[in-house]
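Everything below belongs to target-v9.txt, which stores compact mmCIF, C-alpha atoms and all ligand atoms.
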# COMPACT_ATOMS: atom_id res chain seq x y z
CA MET A 590 124.29 89.63 132.00
CA GLY A 591 120.50 89.43 131.89
CA GLU A 592 118.43 86.98 129.93
CA ARG A 593 118.74 87.40 126.14
CA LYS A 594 115.64 88.76 124.46
CA LYS A 595 113.85 86.51 122.02
CA VAL A 596 113.15 87.39 118.41
CA LEU A 597 110.91 85.54 115.95
CA VAL A 598 111.63 85.92 112.23
CA ALA A 599 108.41 84.99 110.46
CA ARG A 600 109.85 84.41 106.98
CA GLN A 601 113.23 83.40 105.68
CA VAL A 602 115.69 86.31 105.48
CA PHE A 603 119.34 86.55 104.37
CA PRO A 604 121.82 84.47 106.44
CA GLU A 605 123.84 87.58 107.36
CA VAL A 606 120.68 89.13 108.80
CA VAL A 607 119.99 86.09 110.97
CA GLU A 608 123.64 86.13 112.05
CA ALA A 609 123.42 89.79 113.08
CA LEU A 610 120.30 89.04 115.10
CA ARG A 611 121.88 85.97 116.74
CA ALA A 612 124.75 88.14 117.96
CA ARG A 613 122.30 89.93 120.26
CA PHE A 614 119.20 87.81 120.68
CA GLU A 615 117.86 84.32 120.92
CA VAL A 616 116.39 83.82 117.44
CA GLU A 617 113.74 81.54 115.99
CA HIS A 618 113.87 81.75 112.20
CA ASN A 619 111.35 80.36 109.71
CA ASP A 620 113.87 78.29 107.74
CA GLU A 621 111.09 76.60 105.81
CA ASP A 622 109.86 79.98 104.52
CA ARG A 623 106.26 78.75 104.58
CA PRO A 624 103.98 81.51 105.88
CA TRP A 625 102.75 80.48 109.31
CA PRO A 626 98.95 80.54 109.65
CA PRO A 627 97.74 83.06 112.30
CA GLU A 628 97.16 80.40 114.97
CA GLU A 629 100.67 79.02 114.50
CA LEU A 630 102.21 82.49 114.49
CA ALA A 631 100.31 83.26 117.71
CA ARG A 632 101.62 80.07 119.31
CA ARG A 633 105.21 80.78 118.27
CA LEU A 634 104.95 84.34 119.63
CA ARG A 635 104.64 83.08 123.20
CA GLY A 636 107.67 84.35 125.16
CA VAL A 637 108.89 86.42 122.18
CA ASP A 638 109.95 90.07 122.61
CA GLY A 639 110.24 91.14 118.98
CA LEU A 640 108.72 89.94 115.70
CA LEU A 641 110.28 90.51 112.28
CA SER A 642 107.36 90.19 109.87
CA SER A 643 106.76 90.36 106.12
CA VAL A 644 103.81 91.72 104.13
CA MET A 645 102.36 88.22 103.96
CA ASP A 646 102.13 87.84 107.75
CA ARG A 647 98.84 89.10 109.12
CA VAL A 648 99.42 90.51 112.58
CA ASP A 649 95.92 90.86 114.00
CA GLU A 650 94.14 90.29 117.30
CA THR A 651 94.42 86.51 116.93
CA VAL A 652 98.17 86.70 116.47
CA LEU A 653 98.73 89.40 119.09
CA ALA A 654 96.85 87.30 121.65
CA GLY A 655 99.86 84.95 121.62
CA GLY A 656 102.39 87.72 122.19
CA ASP A 657 102.51 87.76 125.95
CA ARG A 658 105.89 89.58 125.96
CA LEU A 659 105.79 91.22 122.57
CA THR A 660 107.01 94.82 122.46
CA VAL A 661 107.75 95.37 118.76
CA VAL A 662 106.56 94.23 115.34
CA SER A 663 109.20 95.22 112.81
CA ASN A 664 107.73 94.87 109.32
CA ILE A 665 110.19 94.29 106.49
CA ALA A 666 108.16 96.54 104.19
CA VAL A 667 107.13 100.13 103.86
CA GLY A 668 103.45 99.12 103.79
CA THR A 669 101.91 98.10 107.09
CA ASN A 670 98.41 97.10 105.99
CA ASN A 671 99.14 93.51 107.10
CA ILE A 672 99.26 94.78 110.68
CA ASP A 673 96.37 95.85 112.89
CA ILE A 674 98.07 99.00 114.15
CA PRO A 675 95.35 100.15 116.58
CA ALA A 676 95.39 96.68 118.18
CA CYS A 677 99.20 96.88 118.54
CA THR A 678 99.02 100.39 119.99
CA LYS A 679 96.37 99.32 122.48
CA ARG A 680 98.76 96.63 123.72
CA GLY A 681 101.77 98.98 123.74
CA VAL A 682 103.40 97.07 120.86
CA LYS A 683 105.53 99.31 118.63
CA VAL A 684 105.14 98.89 114.87
CA THR A 685 107.95 99.87 112.50
CA ASN A 686 108.45 99.83 108.72
CA THR A 687 111.20 100.37 106.14
CA PRO A 688 110.52 103.58 104.22
CA GLY A 689 112.98 105.16 101.81
CA VAL A 690 115.17 102.17 100.98
CA LEU A 691 112.95 100.71 98.26
CA ASP A 692 111.78 103.83 96.40
CA ASP A 693 114.02 103.56 93.35
CA THR A 694 113.65 99.80 93.04
CA THR A 695 109.86 100.05 93.15
CA ALA A 696 109.93 102.94 90.67
CA ASP A 697 112.04 100.80 88.32
CA LEU A 698 109.52 97.95 88.49
CA THR A 699 106.68 100.38 87.86
CA TRP A 700 108.41 101.46 84.69
CA ALA A 701 109.10 97.87 83.69
CA LEU A 702 105.38 97.11 83.90
CA LEU A 703 104.38 100.35 82.20
CA MET A 704 106.68 99.66 79.27
CA ALA A 705 105.83 95.98 79.11
CA ALA A 706 102.13 96.82 78.88
CA ALA A 707 102.73 99.66 76.40
CA ARG A 708 104.90 97.60 74.06
CA ARG A 709 103.12 94.28 74.67
CA ILE A 710 106.31 92.56 75.83
CA ALA A 711 104.67 89.58 77.52
CA GLU A 712 102.49 88.86 74.48
CA GLY A 713 105.52 89.09 72.19
CA ASP A 714 107.59 86.85 74.43
CA ALA A 715 104.85 84.21 74.48
CA LEU A 716 104.47 84.41 70.70
CA VAL A 717 108.16 83.85 70.04
CA ARG A 718 108.29 80.94 72.51
CA ARG A 719 105.36 79.12 70.94
CA GLY A 720 106.82 79.51 67.43
CA GLY A 721 103.94 81.72 66.32
CA TRP A 722 106.17 84.38 64.81
CA ASP A 723 105.73 83.14 61.28
CA ILE A 724 105.99 86.42 59.40
CA ALA A 725 108.82 88.52 60.68
CA PHE A 726 107.46 91.97 59.98
CA ARG A 727 103.82 92.81 59.51
CA MET A 728 103.16 96.50 59.27
CA GLN A 729 100.15 96.38 61.54
CA ASP A 730 101.16 93.56 63.82
CA ARG A 731 101.73 93.88 67.57
CA LEU A 732 101.23 97.61 67.63
CA GLY A 733 101.72 99.12 71.03
CA ALA A 734 101.63 102.60 72.51
CA ASP A 735 104.37 105.20 72.46
CA VAL A 736 105.75 106.00 75.87
CA HIS A 737 107.88 108.94 74.78
CA HIS A 738 106.08 112.29 74.69
CA ALA A 739 102.98 110.69 76.26
CA THR A 740 101.22 111.91 79.40
CA LEU A 741 101.92 110.13 82.67
CA GLY A 742 99.42 110.56 85.51
CA ILE A 743 100.57 109.64 89.01
CA ILE A 744 98.04 109.28 91.82
CA GLY A 745 100.03 109.54 95.04
CA MET A 746 103.14 111.70 94.81
CA GLY A 747 105.14 110.53 97.83
CA ARG A 748 108.73 109.37 97.58
CA ILE A 749 108.01 106.50 95.17
CA GLY A 750 105.61 108.59 93.07
CA GLN A 751 108.34 111.20 92.71
CA ALA A 752 110.92 108.56 91.76
CA ILE A 753 108.51 107.39 89.04
CA ALA A 754 108.00 110.96 87.83
CA LYS A 755 111.75 111.58 87.71
CA ARG A 756 112.19 108.72 85.26
CA ALA A 757 109.55 110.21 82.94
CA GLY A 758 111.97 113.04 82.12
CA GLY A 759 114.05 110.66 80.02
CA PHE A 760 111.00 109.96 77.89
CA ASP A 761 110.07 113.63 77.41
CA MET A 762 106.72 112.97 79.02
CA ARG A 763 104.22 115.39 80.45
CA VAL A 764 103.60 114.50 84.10
CA LEU A 765 100.32 115.14 85.89
CA TYR A 766 99.89 114.23 89.52
CA HIS A 767 97.16 114.04 92.08
CA ASN A 768 98.10 114.18 95.73
CA ARG A 769 96.73 115.34 99.07
CA ASN A 770 99.37 118.05 99.24
CA ARG A 771 100.96 120.09 96.54
CA LEU A 772 104.71 119.52 96.12
CA PRO A 773 107.02 122.46 96.73
CA GLU A 774 107.40 124.50 93.56
CA ALA A 775 111.06 123.50 93.17
CA ASP A 776 110.08 119.81 93.13
CA GLU A 777 107.29 120.41 90.62
CA LYS A 778 109.84 122.14 88.40
CA ARG A 779 112.46 119.45 88.84
CA LEU A 780 109.93 116.74 87.97
CA ASN A 781 108.11 118.83 85.36
CA ALA A 782 104.90 117.79 87.15
CA THR A 783 101.56 119.57 87.36
CA LEU A 784 99.03 119.06 90.15
CA VAL A 785 95.53 118.37 88.76
CA ASP A 786 92.29 116.96 90.13
CA ARG A 787 91.75 113.25 89.81
CA ASP A 788 89.18 113.44 87.02
CA ARG A 789 91.44 115.53 84.83
CA LEU A 790 94.34 113.17 85.49
CA LEU A 791 92.22 110.16 84.52
CA ALA A 792 90.88 111.86 81.39
CA GLU A 793 94.19 113.17 80.05
CA SER A 794 96.75 110.52 80.96
CA ASP A 795 98.02 107.86 78.59
CA PHE A 796 99.45 106.01 81.58
CA VAL A 797 97.86 106.13 85.01
CA VAL A 798 100.03 104.93 87.89
CA VAL A 799 98.61 104.47 91.38
CA MET A 800 101.10 104.84 94.20
CA VAL A 801 99.18 105.36 97.43
CA PRO A 802 99.61 103.35 100.62
CA TYR A 803 96.62 101.14 101.34
CA SER A 804 94.06 102.20 103.91
CA PRO A 805 90.29 101.64 104.01
CA ALA A 806 89.94 105.25 102.76
CA VAL A 807 91.54 104.31 99.42
CA HIS A 808 89.86 100.93 99.02
CA HIS A 809 88.79 100.71 95.34
CA LEU A 810 90.11 104.19 94.69
CA ILE A 811 90.15 103.04 91.07
CA GLY A 812 86.90 101.29 90.27
CA ALA A 813 84.46 101.12 87.35
CA ALA A 814 83.58 104.84 87.55
CA GLU A 815 87.24 105.93 87.50
CA ILE A 816 88.16 103.50 84.72
CA ALA A 817 85.26 104.91 82.67
CA LYS A 818 86.97 108.31 82.82
CA MET A 819 90.20 106.98 81.28
CA LYS A 820 91.04 107.06 77.56
CA PRO A 821 90.29 103.82 75.69
CA THR A 822 94.00 103.81 74.76
CA ALA A 823 95.18 104.27 78.35
CA ILE A 824 97.18 101.84 80.48
CA LEU A 825 96.77 101.46 84.25
CA VAL A 826 99.72 100.46 86.44
CA ASN A 827 99.39 99.41 90.09
CA THR A 828 102.55 98.69 92.06
CA ALA A 829 101.13 100.07 95.32
CA ARG A 830 98.75 97.65 97.02
CA GLY A 831 95.98 95.24 96.16
CA GLY A 832 92.58 96.68 96.99
CA VAL A 833 93.45 100.18 95.79
CA VAL A 834 92.18 99.00 92.40
CA ASP A 835 88.91 97.10 92.09
CA ASP A 836 90.18 93.98 90.35
CA ALA A 837 86.74 92.79 89.17
CA ALA A 838 86.06 96.18 87.56
CA LEU A 839 89.50 96.22 85.92
CA VAL A 840 89.15 92.69 84.57
CA ALA A 841 85.82 93.65 82.97
CA ALA A 842 87.26 96.85 81.48
CA LEU A 843 90.31 95.06 80.05
CA ARG A 844 88.18 92.28 78.63
CA GLU A 845 85.88 94.76 76.90
CA ARG A 846 88.87 96.87 75.84
CA ARG A 847 87.47 99.93 77.58
CA ILE A 848 91.10 100.68 78.38
CA ALA A 849 94.07 99.28 76.47
CA GLY A 850 96.02 97.51 79.14
CA ALA A 851 97.32 97.15 82.66
CA GLY A 852 100.56 96.38 84.46
CA LEU A 853 99.95 94.92 87.90
CA ASP A 854 102.30 93.85 90.68
CA VAL A 855 99.69 93.72 93.45
CA PHE A 856 96.27 92.13 93.77
CA GLU A 857 93.28 91.96 96.08
CA GLY A 858 93.59 89.00 98.45
CA GLU A 859 97.20 88.13 97.61
CA PRO A 860 98.60 85.59 97.03
CA LYS A 861 95.34 84.87 95.24
CA VAL A 862 94.85 86.59 91.89
CA ASN A 863 91.48 87.30 90.29
CA PRO A 864 91.32 84.44 87.73
CA GLY A 865 89.82 86.87 85.22
CA TYR A 866 93.28 88.35 84.67
CA LEU A 867 94.89 85.08 83.71
CA ASP A 868 93.67 84.84 80.14
CA LEU A 869 93.85 88.55 79.38
CA PRO A 870 96.71 89.29 76.95
CA ASN A 871 96.50 93.00 77.74
CA ALA A 872 97.37 92.53 81.42
CA VAL A 873 101.03 92.12 82.45
CA LEU A 874 101.23 90.49 85.87
CA THR A 875 104.05 90.14 88.38
CA PRO A 876 103.88 88.59 91.88
CA HIS A 877 104.43 91.60 94.20
CA VAL A 878 108.11 91.98 93.34
CA GLY A 879 108.36 95.79 93.52
CA SER A 880 111.21 95.67 96.03
CA ALA A 881 112.70 92.40 94.84
CA THR A 882 116.37 93.05 94.16
CA ARG A 883 119.05 91.63 96.42
CA ALA A 884 120.46 95.03 97.36
CA THR A 885 117.06 96.48 98.23
CA ARG A 886 115.73 93.45 100.08
CA LEU A 887 118.95 93.41 102.10
CA ARG A 888 118.59 97.12 102.92
CA MET A 889 114.98 96.50 103.95
CA CYS A 890 116.10 93.71 106.29
CA GLU A 891 118.87 95.88 107.75
CA THR A 892 116.44 98.75 108.33
CA ALA A 893 113.97 96.38 109.97
CA VAL A 894 116.71 94.97 112.22
CA ALA A 895 117.80 98.49 113.24
CA ASN A 896 114.19 99.28 114.16
CA LEU A 897 113.86 96.04 116.10
CA VAL A 898 117.13 96.51 118.01
CA ALA A 899 116.25 100.10 118.94
CA ALA A 900 112.85 99.05 120.27
CA LEU A 901 114.26 96.10 122.23
CA GLU A 902 116.98 98.33 123.73
CA GLY A 903 114.35 100.79 124.89
CA ARG A 904 115.13 103.47 122.30
CA VAL A 905 112.64 105.05 119.90
CA PRO A 906 112.98 103.11 116.63
CA PRO A 907 113.92 105.29 113.63
CA ASN A 908 110.81 104.25 111.70
CA LEU A 909 108.14 104.02 114.36
CA VAL A 910 104.67 103.94 112.77
CA ASN A 911 102.51 104.25 115.90
CA ARG A 912 104.24 107.47 116.99
CA GLU A 913 102.06 107.73 120.07
CA LEU A 914 104.28 105.01 121.59
CA ALA A 915 107.47 107.10 121.19
C1 LIG A 1001 106.46 97.17 100.75
O1 LIG A 1001 107.56 97.41 101.24
O2 LIG A 1001 105.41 97.57 101.24
C2 LIG A 1001 106.46 96.31 99.54
O3 LIG A 1001 105.22 96.21 98.96
C3 LIG A 1001 106.97 94.92 99.91
O4 LIG A 1001 107.94 94.57 99.03
Could you render the structure from this file as structure tokens?
Ligand code: DGY
Amino acid sequence: MGERKKVLVARQVFPEVVEALRARFEVEHNDEDRPWPPEELARRLRGVDGLLSSVMDRVDETVLAGGDRLTVVSNIAVGTNNIDIPACTKRGVKVTNTPGVLDDTTADLTWALLMAAARRIAEGDALVRRGGWDIAFRMQDRLGADVHHATLGIIGMGRIGQAIAKRAGGFDMRVLYHNRNRLPEADEKRLNATLVDRDRLLAESDFVVVMVPYSPAVHHLIGAAEIAKMKPTAILVNTARGGVVDDAALVAALRERRIAGAGLDVFEGEPKVNPGYLDLPNAVLTPHVGSATRATRLRMCETAVANLVAALEGRVPPNLVNRELA
């Protein structure tokens, strides 16, 4: 039997996942679960064949410089914007992701934020906790927005966008979408969704959801000019990636009530959050938990392990991102 390959797991994962890896490989696991700074990650990569990374691990030139034997970076995420893919490709390092297994869970969280912002759940929760609910029913108190029969605009109609649209059926909503490609007619029918240009979507939607993968081409896709096209009663939801929305522009718009509210799971420069959001009652904030259920996180880990094993056994991983290395 030849020498066992070495795998580095950059963040803590489920014990059963580590066990499965240990059955095949020599494994170093980040038990502490403290993100390793790039220099430390680079140092730990020496002699490692495969890296299991999370969205918080930047895999760039600095890190790759340490990977003298590295052949695969298996990201436990569908997004890969934490990884310098051209740099990996140049070095022959395969990059894989975990598409498909988190669509419904992320769509659920998108709806949770949409509804929380619409019905001012976080504000109400804080009010009850601080004993400020002195008069039980004021006719004009805590008024929110109706979700049912409203118009939902989805920018980015991939798998997760479609899962979000599907849920709108239960609320009798009209669904507009903006996407590079038109969906097949049968899908449009099933989702009751109409393809429109971005300006029309922004102008007519009561809820605007962005669901595009991050790339420099969509940096600040929603900025001051786009927000200015939205209704003053509209709510913006971002569960895609920080940087797709211009946080400074959104903070200013929310503060001046140019739109009614926002539900945000992702931020520019995570784990930092624009401090402007923190005292805004009309912003509902969660810490990038779109995929955070046990079942889904476990499926993501299992998918990432399957990708890693395939690459280390010389097979084409099922979810290879840099396809030119197939
Ligand atoms: C992803 O998979 O890209 C998510 O954002 C991480 O939970």
From the list A:Ala701, A:Val644, A:Ala612, A:Ile811, the nearest residue to Lys594 in chain A using all atoms listed in the file is A:Ala612
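One distance worth recording is that between CA of Glu857 in chain A and CA of Ala666 in chain A, which is 17.6 Å.
Restricting the calculation to only C-alpha atoms and all ligand atoms, the smallest distance between ligand LIG 1001 (chain A) and any of A:Glu608, A:Asp692, A:Glu650, A:Glu774 is found for A:Asp692.
Atom to atom, CA of Glu793 in chain A and CA of Val826 in chain A stand 15.3 Å apart.
From atom O2 of ligand LIG 1001 (chain A) back to CA of Val736 in chain A, the distance works out to 26.7 Å.
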Across A:Pro627, A:Gly745, A:Pro876, A:Pro906, the smallest distance to ligand LIG 1001 (chain A), with only C-alpha atoms and all ligand atoms counted, is shown by A:Pro876
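Shortest atom-to-atom contact with ligand LIG 1001 (chain A) among A:Arg844, A:Arg888, A:Arg912, A:His767: A:Arg888, counting only C-alpha atoms and all ligand atoms.
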>> Give me the residues near Ala838 in chain A as a ChimeraX atom specification, where near means some atom within 10 Å (using all atoms listed in the file) and where sequence neighbours in that chain fewer than 5 positions away do not count.
In response: /A:809,811-816,843-844
Dump of C-alpha atoms for the selected residues, as a short mmCIF file (atom, residue, chain, number, x, y, z; two decimals), in the frame of the given file:
data_model
loop_
_atom_site.label_atom_id
_atom_site.label_comp_id
_atom_site.auth_asym_id
_atom_site.auth_seq_id
_atom_site.Cartn_x
_atom_site.Cartn_y
_atom_site.Cartn_z
CA HIS A 809 88.79 100.71 95.34
CA ILE A 811 90.15 103.04 91.07
CA GLY A 812 86.90 101.29 90.27
CA ALA A 813 84.46 101.12 87.35
CA ALA A 814 83.58 104.84 87.55
CA GLU A 815 87.24 105.93 87.50
CA ILE A 816 88.16 103.50 84.72
CA LEU A 843 90.31 95.06 80.05
CA ARG A 844 88.18 92.28 78.63
#
- Task: Excluding Gln751 in chain A and any residue of its chain fewer than 2 positions from it, enumerate the residues within 12 Å of it, using all atoms listed in the file, and give them as a PyMOL selection string.
- Result: chain A and resi 689+692-693+695-697+699+741-749+753-758+764-768+772+776-782+798-801
Residues from last step as file, C-alpha atoms, as a PDB file, in the frame of the given file:
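Output (part14.pdb):
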ATOM      1  CA  GLY A 689     112.980 105.160 101.810  1.00  0.00           C
ATOM      2  CA  ASP A 692     111.780 103.830  96.400  1.00  0.00           C
ATOM      3  CA  ASP A 693     114.020 103.560  93.350  1.00  0.00           C
ATOM      4  CA  THR A 695     109.860 100.050  93.150  1.00  0.00           C
ATOM      5  CA  ALA A 696     109.930 102.940  90.670  1.00  0.00           C
ATOM      6  CA  ASP A 697     112.040 100.800  88.320  1.00  0.00           C
ATOM      7  CA  THR A 699     106.680 100.380  87.860  1.00  0.00           C
ATOM      8  CA  LEU A 741     101.920 110.130  82.670  1.00  0.00           C
ATOM      9  CA  GLY A 742      99.420 110.560  85.510  1.00  0.00           C
ATOM     10  CA  ILE A 743     100.570 109.640  89.010  1.00  0.00           C
ATOM     11  CA  ILE A 744      98.040 109.280  91.820  1.00  0.00           C
ATOM     12  CA  GLY A 745     100.030 109.540  95.040  1.00  0.00           C
ATOM     13  CA  MET A 746     103.140 111.700  94.810  1.00  0.00           C
ATOM     14  CA  GLY A 747     105.140 110.530  97.830  1.00  0.00           C
ATOM     15  CA  ARG A 748     108.730 109.370  97.580  1.00  0.00           C
ATOM     16  CA  ILE A 749     108.010 106.500  95.170  1.00  0.00           C
ATOM     17  CA  ILE A 753     108.510 107.390  89.040  1.00  0.00           C
ATOM     18  CA  ALA A 754     108.000 110.960  87.830  1.00  0.00           C
ATOM     19  CA  LYS A 755     111.750 111.580  87.710  1.00  0.00           C
ATOM     20  CA  ARG A 756     112.190 108.720  85.260  1.00  0.00           C
ATOM     21  CA  ALA A 757     109.550 110.210  82.940  1.00  0.00           C
ATOM     22  CA  GLY A 758     111.970 113.040  82.120  1.00  0.00           C
ATOM     23  CA  VAL A 764     103.600 114.500  84.100  1.00  0.00           C
ATOM     24  CA  LEU A 765     100.320 115.140  85.890  1.00  0.00           C
ATOM     25  CA  TYR A 766      99.890 114.230  89.520  1.00  0.00           C
ATOM     26  CA  HIS A 767      97.160 114.040  92.080  1.00  0.00           C
ATOM     27  CA  ASN A 768      98.100 114.180  95.730  1.00  0.00           C
ATOM     28  CA  LEU A 772     104.710 119.520  96.120  1.00  0.00           C
ATOM     29  CA  ASP A 776     110.080 119.810  93.130  1.00  0.00           C
ATOM     30  CA  GLU A 777     107.290 120.410  90.620  1.00  0.00           C
ATOM     31  CA  LYS A 778     109.840 122.140  88.400  1.00  0.00           C
ATOM     32  CA  ARG A 779     112.460 119.450  88.840  1.00  0.00           C
ATOM     33  CA  LEU A 780     109.930 116.740  87.970  1.00  0.00           C
ATOM     34  CA  ASN A 781     108.110 118.830  85.360  1.00  0.00           C
ATOM     35  CA  ALA A 782     104.900 117.790  87.150  1.00  0.00           C
ATOM     36  CA  VAL A 798     100.030 104.930  87.890  1.00  0.00           C
ATOM     37  CA  VAL A 799      98.610 104.470  91.380  1.00  0.00           C
ATOM     38  CA  MET A 800     101.100 104.840  94.200  1.00  0.00           C
ATOM     39  CA  VAL A 801      99.180 105.360  97.430  1.00  0.00           C
TER      40      VAL A 801
END
If we count all atoms listed in the file, what is near range 596-606 of chain A at a cut-off of 8 Å, once residues fewer than 2 positions away on the same chain are taken out, given as an NGL selection string? :A and (594 or 608-610 or 614-625 or 630 or 633-634 or 637-643 or 646 or 887 or 890-891 or 894)
At a cut-off of 6 Å around ligand LIG 1001 (chain A), and using all atoms listed in the file, what residues come up? Please write them as a PyMOL selection string.
chain A and resi 666-668+879-880
*Extract, using only C-alpha atoms, all DNA, RNA and protein residues at most 10 Å from range 680-687 of chain A, discarding same-chain residues fewer than 2 positions from it, and format them as a ChimeraX atom specification.*
/A:638-643,653-654,656-669,672-678,689-691,888-897,900-901,905-915
Filtering to C-alpha atoms, could you give me those residues as a CSV table (one decimal), in the coordinates of the input?
chain,number,residue,atom,x,y,z
A,638,ASP,CA,110.0,90.1,122.6
A,639,GLY,CA,110.2,91.1,119.0
A,640,LEU,CA,108.7,89.9,115.7
A,641,LEU,CA,110.3,90.5,112.3
A,642,SER,CA,107.4,90.2,109.9
A,643,SER,CA,106.8,90.4,106.1
A,653,LEU,CA,98.7,89.4,119.1
A,654,ALA,CA,96.8,87.3,121.6
A,656,GLY,CA,102.4,87.7,122.2
A,657,ASP,CA,102.5,87.8,126.0
A,658,ARG,CA,105.9,89.6,126.0
A,659,LEU,CA,105.8,91.2,122.6
A,660,THR,CA,107.0,94.8,122.5
A,661,VAL,CA,107.8,95.4,118.8
A,662,VAL,CA,106.6,94.2,115.3
A,663,SER,CA,109.2,95.2,112.8
A,664,ASN,CA,107.7,94.9,109.3
A,665,ILE,CA,110.2,94.3,106.5
A,666,ALA,CA,108.2,96.5,104.2
A,667,VAL,CA,107.1,100.1,103.9
A,668,GLY,CA,103.4,99.1,103.8
A,669,THR,CA,101.9,98.1,107.1
A,672,ILE,CA,99.3,94.8,110.7
A,673,ASP,CA,96.4,95.8,112.9
A,674,ILE,CA,98.1,99.0,114.2
A,675,PRO,CA,95.4,100.2,116.6
A,676,ALA,CA,95.4,96.7,118.2
A,677,CYS,CA,99.2,96.9,118.5
A,678,THR,CA,99.0,100.4,120.0
A,689,GLY,CA,113.0,105.2,101.8
A,690,VAL,CA,115.2,102.2,101.0
A,691,LEU,CA,113.0,100.7,98.3
A,888,ARG,CA,118.6,97.1,102.9
A,889,MET,CA,115.0,96.5,104.0
A,890,CYS,CA,116.1,93.7,106.3
A,891,GLU,CA,118.9,95.9,107.8
A,892,THR,CA,116.4,98.8,108.3
A,893,ALA,CA,114.0,96.4,110.0
A,894,VAL,CA,116.7,95.0,112.2
A,895,ALA,CA,117.8,98.5,113.2
A,896,ASN,CA,114.2,99.3,114.2
A,897,LEU,CA,113.9,96.0,116.1
A,900,ALA,CA,112.8,99.0,120.3
A,901,LEU,CA,114.3,96.1,122.2
A,905,VAL,CA,112.6,105.0,119.9
A,906,PRO,CA,113.0,103.1,116.6
A,907,PRO,CA,113.9,105.3,113.6
A,908,ASN,CA,110.8,104.2,111.7
A,909,LEU,CA,108.1,104.0,114.4
A,910,VAL,CA,104.7,103.9,112.8
A,911,ASN,CA,102.5,104.2,115.9
A,912,ARG,CA,104.2,107.5,117.0
A,913,GLU,CA,102.1,107.7,120.1
A,914,LEU,CA,104.3,105.0,121.6
A,915,ALA,CA,107.5,107.1,121.2
**Item:** Contacts of Leu853 in chain A at 9 Å (all atoms listed in the file; same-chain gap of 5+ positions) as a ChimeraX atom specification
**Value:** /A:699,702,825-828,872-877
Between A:Leu732, A:Ala817, A:Met762, A:Val862, smallest distance to Glu712 in chain A by all atoms listed in the file belongs to A:Leu732
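The closest residue to Ile824 in chain A, picked from A:Gly750, A:Pro864, A:Gly852, A:Gly759 and counting all atoms listed in the file, is A:Gly852.
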As AutoDock Vina command-line options, what would the box around range 906-909 of chain A look like: edges along x, y and z, 3 Å added on every side, centre and edge lengths in Å to one decimal?
--center_x 111.0 --center_y 104.2 --center_z 114.2 --size_x 11.8 --size_y 8.2 --size_z 10.9
Since the input lacks some atoms of range 784-795 of chain A, please model N, CA and C atoms and print them as a CSV table (one decimal), in the coordinates of the input.
chain,number,residue,atom,x,y,z
A,784,LEU,N,100.1,119.6,89.3
A,784,LEU,CA,99.0,119.1,90.2
A,784,LEU,C,97.7,119.3,89.5
A,785,VAL,N,96.9,118.2,89.4
A,785,VAL,CA,95.5,118.4,88.8
A,785,VAL,C,94.6,117.6,89.6
A,786,ASP,N,93.2,117.8,89.4
A,786,ASP,CA,92.3,117.0,90.1
A,786,ASP,C,92.2,115.6,89.5
A,787,ARG,N,91.7,114.6,90.2
A,787,ARG,CA,91.8,113.2,89.8
A,787,ARG,C,91.0,113.0,88.5
A,788,ASP,N,89.9,113.7,88.3
A,788,ASP,CA,89.2,113.4,87.0
A,788,ASP,C,90.0,113.9,85.8
A,789,ARG,N,90.6,115.0,86.0
A,789,ARG,CA,91.4,115.5,84.8
A,789,ARG,C,92.6,114.6,84.6
A,790,LEU,N,93.2,114.1,85.6
A,790,LEU,CA,94.3,113.2,85.5
A,790,LEU,C,93.9,111.9,84.7
A,791,LEU,N,92.7,111.4,85.2
A,791,LEU,CA,92.2,110.2,84.5
A,791,LEU,C,91.9,110.4,83.0
A,792,ALA,N,91.3,111.6,82.8
A,792,ALA,CA,90.9,111.9,81.4
A,792,ALA,C,92.0,112.1,80.4
A,793,GLU,N,93.1,112.7,81.0
A,793,GLU,CA,94.2,113.2,80.0
A,793,GLU,C,95.4,112.3,80.0
A,794,SER,N,95.5,111.3,80.9
A,794,SER,CA,96.8,110.5,81.0
A,794,SER,C,96.7,109.3,80.0
A,795,ASP,N,97.9,109.1,79.4
A,795,ASP,CA,98.0,107.9,78.6
A,795,ASP,C,98.4,106.7,79.5
